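S.K.: Quick one: the structure is below, and I'll ask about it shortly.
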Amino acid sequence: MSGLKFIVFVFLVLAGSWYGWKQLHSQDATSKPIRYVKIEGAFQYTSKEKLKQVLTPEMKRGFYHADMDAIHQLISHLPLVAEVDVKRVWPDAVHIKITEQKPIVRWGDKAVLNKQGDVLIPDDINEFKNLPLITGPEGQEKKLLEIMKGVYIVLKDKSMQLAEFHVNDRRAWRLKLANGLEMQLGRKAPLENMQRFLKTMDLLGEEQIAMMASVDTRYPNGYAVSWKPDAPEIDWKAIAENYKNLVKERRI
């Protein structure tokens, strides 16, 4: 056999082998469906229906043709998904692990924030109606979240629960507590204004505070109170007397 014939012969054998492998692979791809999709993770905001909707087109392509990178991208773009890991597992399965974001507050009427202050847009904001609410200028999410955390702790030390924290375009603060009490703190020294009010809590007593509808602390030496309609009359003389006694005790 001449050298030329040998080369041609080898080429034909290799071409035939490649064609046979391609046909076999093609047959396996069409005849080897994905039978199992295992999804792991402690997630509560990503619905099974949504995952099924996203995954079904790729799953129909079969074990060999399903694009793991595409699946990763599709799930990563779902609301509140933080991390995704996708693996093809022989002989007929795909394993997916999902880690969700953990919203800690609402931001406005359509978004939530995680602990880093990142803005997240859920499908249904009503799922988060029990979270504290922040509103403020766009772009100030991280800064306002840190301020709110401090305010939350200060109020918690007084057995008060913060429900809403609002900052308007003029940087004036307004709070709302879980019991409905609203606090106007203004834009000049709002933290100091809040602290001044909190210092009088022991003097007023829980019953009087429970009857307050709103407090306006935007005064240099005090604050104004609006009372609930059913609030009883307060014996301010008795409160003043208690204050004098409290001052005497501190001096002693």
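Order determines the names: the first chain of the structure tokens is A, the second B, and so forth; residues in each chain are numbered 1 upward, and ligands are numbered 1 upward as they are shown.
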Where in stretch 110-183 of chain A does DSSP assign helix (DSSP H, G or I), given as a PyMOL selection string?
M.R.: chain A and resi 125-128+141-156
S.K.: Find the spatial neighbours of stretch 155-167 of chain A, counting only C-alpha atoms, within a cut-off of 6 Å - ignore same-chain residues fewer than 4 positions away - and output them as number ranges by chain.
M.R.: A: 132-136, 171-178
S.K.: Output N, CA, C and O atoms for every residue in that selection, as a JSON list (two decimals), in the first residue's frame.
M.R.:
```
[["chain", "number", "residue", "atom", "x", "y", "z"],
["A", 132, "PRO", "N", -40.05, 46.94, 59.54],
["A", 132, "PRO", "CA", -40.02, 48.41, 59.69],
["A", 132, "PRO", "C", -39.90, 49.08, 58.32],
["A", 132, "PRO", "O", -39.35, 48.50, 57.38],
["A", 133, "LEU", "N", -40.40, 50.31, 58.24],
["A", 133, "LEU", "CA", -40.42, 51.05, 56.98],
["A", 133, "LEU", "C", -39.47, 52.24, 57.03],
["A", 133, "LEU", "O", -39.45, 52.97, 58.03],
["A", 134, "ILE", "N", -38.69, 52.42, 55.97],
["A", 134, "ILE", "CA", -37.85, 53.61, 55.80],
["A", 134, "ILE", "C", -38.28, 54.31, 54.51],
["A", 134, "ILE", "O", -38.47, 53.66, 53.48],
["A", 135, "THR", "N", -38.39, 55.62, 54.58],
["A", 135, "THR", "CA", -38.52, 56.42, 53.36],
["A", 135, "THR", "C", -37.51, 57.55, 53.43],
["A", 135, "THR", "O", -37.21, 58.05, 54.51],
["A", 136, "GLY", "N", -36.96, 57.91, 52.29],
["A", 136, "GLY", "CA", -35.97, 58.98, 52.27],
["A", 136, "GLY", "C", -35.48, 59.25, 50.87],
["A", 136, "GLY", "O", -35.92, 58.61, 49.91],
["A", 171, "ARG", "N", -34.27, 66.80, 54.87],
["A", 171, "ARG", "CA", -33.55, 66.03, 55.89],
["A", 171, "ARG", "C", -34.20, 66.11, 57.27],
["A", 171, "ARG", "O", -33.55, 65.92, 58.29],
["A", 172, "ALA", "N", -35.49, 66.41, 57.31],
["A", 172, "ALA", "CA", -36.22, 66.41, 58.58],
["A", 172, "ALA", "C", -36.69, 64.99, 58.89],
["A", 172, "ALA", "O", -37.15, 64.27, 58.01],
["A", 173, "TRP", "N", -36.58, 64.61, 60.17],
["A", 173, "TRP", "CA", -36.91, 63.26, 60.60],
["A", 173, "TRP", "C", -38.33, 63.19, 61.17],
["A", 173, "TRP", "O", -38.79, 64.11, 61.83],
["A", 174, "ARG", "N", -38.98, 62.05, 60.91],
["A", 174, "ARG", "CA", -40.26, 61.73, 61.54],
["A", 174, "ARG", "C", -40.29, 60.24, 61.82],
["A", 174, "ARG", "O", -39.98, 59.43, 60.95],
["A", 175, "LEU", "N", -40.67, 59.91, 63.06],
["A", 175, "LEU", "CA", -40.75, 58.50, 63.45],
["A", 175, "LEU", "C", -42.20, 58.11, 63.74],
["A", 175, "LEU", "O", -43.02, 58.95, 64.11],
["A", 176, "LYS", "N", -42.47, 56.84, 63.58],
["A", 176, "LYS", "CA", -43.74, 56.29, 64.04],
["A", 176, "LYS", "C", -43.46, 54.99, 64.79],
["A", 176, "LYS", "O", -42.72, 54.13, 64.29],
["A", 177, "LEU", "N", -44.02, 54.87, 65.98],
["A", 177, "LEU", "CA", -43.79, 53.68, 66.79],
["A", 177, "LEU", "C", -44.87, 52.65, 66.54],
["A", 177, "LEU", "O", -45.93, 52.94, 65.96],
["A", 178, "ALA", "N", -44.63, 51.43, 66.99],
["A", 178, "ALA", "CA", -45.58, 50.35, 66.79],
["A", 178, "ALA", "C", -46.91, 50.62, 67.48],
["A", 178, "ALA", "O", -47.95, 50.12, 67.05]]
```
S.K.: Can you tell me, as a PyMOL selection string, what residues are no more than 12 Å from stretch 105-110 of chain A when counting only C-alpha atoms, ignoring any on the same chain fewer than 6 positions away?
M.R.: chain A and resi 116-142+144-146+148-149+152+162-168
S.K.: What does the distance from atom CA of A:Lys87 to atom CA of A:His72 come to in Å, to one decimal?
M.R.: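 Interatomic distance, atom CA of A:Lys87 to atom CA of A:His72: 9.4 Å.
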S.K.: Using only C-alpha atoms, determine which residues lie at most 12 Å from A:Met201, disregarding the query and same-chain residues fewer than 4 positions distant; provide the list as an MDAnalysis selection string.
M.R.: chainID A and resid 155 157:160 194:197 205:210 212 239 243
S.K.: From stretch 51-176 of chain A, collect each residue whose DSSP state is strand (DSSP E or B) and return the set as JSON, numbers by chain.
M.R.: {"A": [81, 82, 83, 84, 85, 86, 87, 88, 89, 93, 94, 95, 96, 97, 98, 99, 100, 105, 106, 107, 111, 112, 113, 119, 120, 133, 134, 135, 162, 163, 164, 165, 166, 167, 173, 174, 175, 176]}
S.K.: Take the residues from that selection and write them out as a compact mmCIF listing (two decimals), in the first residue's frame, keeping N, CA, C and O atoms.
M.R.:
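Here's the written file out20.txt:
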```txt
# COMPACT_ATOMS: atom_id res chain seq x y z
N VAL A 81 -32.92 36.57 45.19
CA VAL A 81 -31.95 35.47 45.14
C VAL A 81 -30.55 36.06 45.28
O VAL A 81 -30.16 36.95 44.52
N ALA A 82 -29.79 35.56 46.26
CA ALA A 82 -28.45 36.07 46.51
C ALA A 82 -27.37 35.25 45.80
O ALA A 82 -26.50 35.79 45.14
N GLU A 83 -27.45 33.92 45.94
CA GLU A 83 -26.43 33.05 45.34
C GLU A 83 -27.10 31.80 44.76
O GLU A 83 -28.13 31.33 45.28
N VAL A 84 -26.50 31.27 43.70
CA VAL A 84 -27.01 30.05 43.06
C VAL A 84 -25.85 29.16 42.67
O VAL A 84 -24.81 29.64 42.21
N ASP A 85 -26.01 27.86 42.89
CA ASP A 85 -25.03 26.87 42.44
C ASP A 85 -25.79 25.81 41.64
O ASP A 85 -26.76 25.23 42.14
N VAL A 86 -25.37 25.55 40.40
CA VAL A 86 -26.05 24.60 39.52
C VAL A 86 -25.07 23.53 39.05
O VAL A 86 -23.97 23.86 38.58
N LYS A 87 -25.46 22.27 39.18
CA LYS A 87 -24.58 21.16 38.77
C LYS A 87 -25.38 20.13 37.98
O LYS A 87 -26.52 19.80 38.33
N ARG A 88 -24.76 19.60 36.94
CA ARG A 88 -25.30 18.46 36.20
C ARG A 88 -24.77 17.20 36.87
O ARG A 88 -23.56 17.04 37.03
N VAL A 89 -25.63 16.30 37.30
CA VAL A 89 -25.23 15.10 38.05
C VAL A 89 -25.64 13.85 37.27
O VAL A 89 -26.82 13.65 36.98
N ALA A 93 -29.77 13.90 36.43
CA ALA A 93 -30.25 14.86 37.42
C ALA A 93 -29.53 16.20 37.31
O ALA A 93 -28.43 16.30 36.78
N VAL A 94 -30.19 17.22 37.82
CA VAL A 94 -29.60 18.55 37.98
C VAL A 94 -29.81 18.98 39.42
O VAL A 94 -30.93 18.90 39.93
N HIS A 95 -28.73 19.37 40.08
CA HIS A 95 -28.80 19.83 41.46
C HIS A 95 -28.63 21.34 41.51
O HIS A 95 -27.70 21.89 40.91
N ILE A 96 -29.53 22.00 42.23
CA ILE A 96 -29.51 23.46 42.34
C ILE A 96 -29.56 23.85 43.81
O ILE A 96 -30.40 23.34 44.56
N LYS A 97 -28.67 24.73 44.21
CA LYS A 97 -28.69 25.25 45.58
C LYS A 97 -28.90 26.76 45.53
O LYS A 97 -28.18 27.47 44.83
N ILE A 98 -29.92 27.24 46.27
CA ILE A 98 -30.29 28.65 46.24
C ILE A 98 -30.12 29.25 47.63
O ILE A 98 -30.55 28.68 48.63
N THR A 99 -29.47 30.41 47.69
CA THR A 99 -29.39 31.20 48.92
C THR A 99 -30.11 32.51 48.68
O THR A 99 -29.80 33.22 47.71
N GLU A 100 -31.07 32.83 49.53
CA GLU A 100 -31.86 34.04 49.35
C GLU A 100 -31.28 35.23 50.11
O GLU A 100 -30.52 35.08 51.07
N VAL A 105 -35.72 45.61 56.27
CA VAL A 105 -36.65 46.75 56.32
C VAL A 105 -37.27 46.94 54.94
O VAL A 105 -36.73 46.49 53.93
N ARG A 106 -38.42 47.62 54.92
CA ARG A 106 -38.99 48.07 53.64
C ARG A 106 -38.38 49.42 53.28
O ARG A 106 -38.12 50.24 54.15
N TRP A 107 -38.20 49.62 51.99
CA TRP A 107 -37.72 50.91 51.48
C TRP A 107 -38.81 51.48 50.57
O TRP A 107 -39.01 50.97 49.46
N ALA A 111 -39.93 48.47 47.56
CA ALA A 111 -38.63 47.81 47.69
C ALA A 111 -38.35 47.42 49.14
O ALA A 111 -39.05 47.83 50.07
N VAL A 112 -37.29 46.62 49.32
CA VAL A 112 -36.79 46.25 50.64
C VAL A 112 -35.27 46.42 50.63
O VAL A 112 -34.65 46.53 49.57
N LEU A 113 -34.69 46.45 51.83
CA LEU A 113 -33.24 46.53 51.96
C LEU A 113 -32.73 45.33 52.73
O LEU A 113 -33.36 44.88 53.70
N VAL A 119 -30.75 47.73 47.65
CA VAL A 119 -32.16 47.83 47.29
C VAL A 119 -32.58 46.59 46.51
O VAL A 119 -31.96 46.23 45.51
N LEU A 120 -33.65 45.94 46.96
CA LEU A 120 -34.17 44.74 46.32
C LEU A 120 -35.65 44.96 45.99
O LEU A 120 -36.39 45.53 46.79
N LEU A 133 -40.40 50.31 58.24
CA LEU A 133 -40.42 51.05 56.98
C LEU A 133 -39.47 52.24 57.03
O LEU A 133 -39.45 52.97 58.03
N ILE A 134 -38.69 52.42 55.97
CA ILE A 134 -37.85 53.61 55.80
C ILE A 134 -38.28 54.31 54.51
O ILE A 134 -38.47 53.66 53.48
N THR A 135 -38.39 55.62 54.58
CA THR A 135 -38.52 56.42 53.36
C THR A 135 -37.51 57.55 53.43
O THR A 135 -37.21 58.05 54.51
N LEU A 162 -39.82 50.67 67.11
CA LEU A 162 -39.87 51.54 65.94
C LEU A 162 -40.57 50.83 64.79
O LEU A 162 -40.24 49.69 64.45
N ALA A 163 -41.54 51.52 64.17
CA ALA A 163 -42.26 50.95 63.04
C ALA A 163 -41.91 51.65 61.73
O ALA A 163 -41.78 51.00 60.69
N GLU A 164 -41.71 52.98 61.78
CA GLU A 164 -41.43 53.74 60.56
C GLU A 164 -40.40 54.84 60.85
O GLU A 164 -40.43 55.46 61.91
N PHE A 165 -39.53 55.05 59.86
CA PHE A 165 -38.51 56.09 59.95
C PHE A 165 -38.53 56.86 58.63
O PHE A 165 -38.21 56.30 57.57
N HIS A 166 -38.94 58.13 58.68
CA HIS A 166 -39.08 58.93 57.47
C HIS A 166 -38.13 60.12 57.49
O HIS A 166 -38.00 60.80 58.52
N VAL A 167 -37.47 60.35 56.38
CA VAL A 167 -36.61 61.52 56.21
C VAL A 167 -37.02 62.18 54.90
O VAL A 167 -36.98 61.55 53.83
N TRP A 173 -36.58 64.61 60.17
CA TRP A 173 -36.91 63.26 60.60
C TRP A 173 -38.33 63.19 61.17
O TRP A 173 -38.79 64.11 61.83
N ARG A 174 -38.98 62.05 60.91
CA ARG A 174 -40.26 61.73 61.54
C ARG A 174 -40.29 60.24 61.82
O ARG A 174 -39.98 59.43 60.95
N LEU A 175 -40.67 59.91 63.06
CA LEU A 175 -40.75 58.50 63.45
C LEU A 175 -42.20 58.11 63.74
O LEU A 175 -43.02 58.95 64.11
N LYS A 176 -42.47 56.84 63.58
CA LYS A 176 -43.74 56.29 64.04
C LYS A 176 -43.46 54.99 64.79
O LYS A 176 -42.72 54.13 64.29
```
S.K.: Would you pick out the contacts of A:Pro229 at 12 Å or less, using only C-alpha atoms, so that residues sharing its chain but fewer than 6 positions from it are not included, and give the list as a list in words?
M.R.: Met211, Met212, Ala213 and Ser214 of chain A
S.K.: Compile the contact shell of A:Lys48 as a PDB file with all heavy atoms, in the first residue's frame: residues with an atom at most 12 Å away, counting only C-alpha atoms, same-chain residues fewer than 6 positions apart removed.
M.R.:
```
ATOM      1  N   VAL A  37     -34.751  16.973  39.369  1.00  0.00           N
ATOM      2  CA  VAL A  37     -34.208  18.300  39.658  1.00  0.00           C
ATOM      3  C   VAL A  37     -34.265  18.493  41.170  1.00  0.00           C
ATOM      4  O   VAL A  37     -35.345  18.591  41.754  1.00  0.00           O
ATOM      5  CB  VAL A  37     -35.006  19.418  38.957  1.00  0.00           C
ATOM      6  CG1 VAL A  37     -34.420  20.779  39.328  1.00  0.00           C
ATOM      7  CG2 VAL A  37     -34.994  19.226  37.448  1.00  0.00           C
ATOM      8  N   LYS A  38     -33.106  18.513  41.790  1.00  0.00           N
ATOM      9  CA  LYS A  38     -33.025  18.655  43.246  1.00  0.00           C
ATOM     10  C   LYS A  38     -32.686  20.100  43.592  1.00  0.00           C
ATOM     11  O   LYS A  38     -31.662  20.621  43.164  1.00  0.00           O
ATOM     12  CB  LYS A  38     -31.962  17.720  43.816  1.00  0.00           C
ATOM     13  CG  LYS A  38     -31.837  17.773  45.331  1.00  0.00           C
ATOM     14  CD  LYS A  38     -30.751  16.825  45.823  1.00  0.00           C
ATOM     15  CE  LYS A  38     -30.607  16.890  47.339  1.00  0.00           C
ATOM     16  NZ  LYS A  38     -29.524  15.989  47.823  1.00  0.00           N
ATOM     17  N   ILE A  39     -33.574  20.741  44.349  1.00  0.00           N
ATOM     18  CA  ILE A  39     -33.363  22.138  44.728  1.00  0.00           C
ATOM     19  C   ILE A  39     -33.177  22.225  46.241  1.00  0.00           C
ATOM     20  O   ILE A  39     -34.049  21.805  47.003  1.00  0.00           O
ATOM     21  CB  ILE A  39     -34.545  23.018  44.285  1.00  0.00           C
ATOM     22  CG1 ILE A  39     -34.731  22.915  42.768  1.00  0.00           C
ATOM     23  CG2 ILE A  39     -34.314  24.465  44.689  1.00  0.00           C
ATOM     24  CD1 ILE A  39     -35.917  23.675  42.254  1.00  0.00           C
ATOM     25  N   GLU A  40     -32.041  22.752  46.674  1.00  0.00           N
ATOM     26  CA  GLU A  40     -31.731  22.887  48.093  1.00  0.00           C
ATOM     27  C   GLU A  40     -31.705  24.358  48.492  1.00  0.00           C
ATOM     28  O   GLU A  40     -31.514  25.242  47.669  1.00  0.00           O
ATOM     29  CB  GLU A  40     -30.359  22.271  48.401  1.00  0.00           C
ATOM     30  CG  GLU A  40     -30.226  20.803  48.064  1.00  0.00           C
ATOM     31  CD  GLU A  40     -28.838  20.283  48.381  1.00  0.00           C
ATOM     32  OE1 GLU A  40     -28.219  20.770  49.360  1.00  0.00           O
ATOM     33  OE2 GLU A  40     -28.351  19.413  47.648  1.00  0.00           O
ATOM     34  N   VAL A  54     -39.195  29.019  35.206  1.00  0.00           N
ATOM     35  CA  VAL A  54     -37.861  29.383  34.721  1.00  0.00           C
ATOM     36  C   VAL A  54     -37.091  28.164  34.214  1.00  0.00           C
ATOM     37  O   VAL A  54     -36.391  28.230  33.200  1.00  0.00           O
ATOM     38  CB  VAL A  54     -37.071  30.084  35.851  1.00  0.00           C
ATOM     39  CG1 VAL A  54     -35.606  30.204  35.485  1.00  0.00           C
ATOM     40  CG2 VAL A  54     -37.658  31.461  36.127  1.00  0.00           C
ATOM     41  N   LEU A  55     -37.223  27.030  34.902  1.00  0.00           N
ATOM     42  CA  LEU A  55     -36.400  25.857  34.605  1.00  0.00           C
ATOM     43  C   LEU A  55     -36.925  24.996  33.459  1.00  0.00           C
ATOM     44  O   LEU A  55     -36.143  24.351  32.756  1.00  0.00           O
ATOM     45  CB  LEU A  55     -36.270  24.985  35.859  1.00  0.00           C
ATOM     46  CG  LEU A  55     -35.483  25.577  37.026  1.00  0.00           C
ATOM     47  CD1 LEU A  55     -35.609  24.694  38.252  1.00  0.00           C
ATOM     48  CD2 LEU A  55     -34.020  25.747  36.643  1.00  0.00           C
ATOM     49  N   THR A  56     -38.217  24.943  33.271  1.00  0.00           N
ATOM     50  CA  THR A  56     -38.820  23.998  32.331  1.00  0.00           C
ATOM     51  C   THR A  56     -38.226  24.043  30.923  1.00  0.00           C
ATOM     52  O   THR A  56     -37.898  22.982  30.354  1.00  0.00           O
ATOM     53  CB  THR A  56     -40.347  24.204  32.271  1.00  0.00           C
ATOM     54  OG1 THR A  56     -40.901  23.906  33.554  1.00  0.00           O
ATOM     55  CG2 THR A  56     -40.977  23.289  31.234  1.00  0.00           C
ATOM     56  N   ILE A  75     -31.951  31.899  37.291  1.00  0.00           N
ATOM     57  CA  ILE A  75     -32.316  31.888  38.709  1.00  0.00           C
ATOM     58  C   ILE A  75     -31.702  33.080  39.433  1.00  0.00           C
ATOM     59  O   ILE A  75     -32.332  33.676  40.315  1.00  0.00           O
ATOM     60  CB  ILE A  75     -31.883  30.564  39.373  1.00  0.00           C
ATOM     61  CG1 ILE A  75     -32.609  29.385  38.714  1.00  0.00           C
ATOM     62  CG2 ILE A  75     -32.179  30.584  40.875  1.00  0.00           C
ATOM     63  CD1 ILE A  75     -32.200  28.036  39.254  1.00  0.00           C
TER      64      ILE A  75
END
```
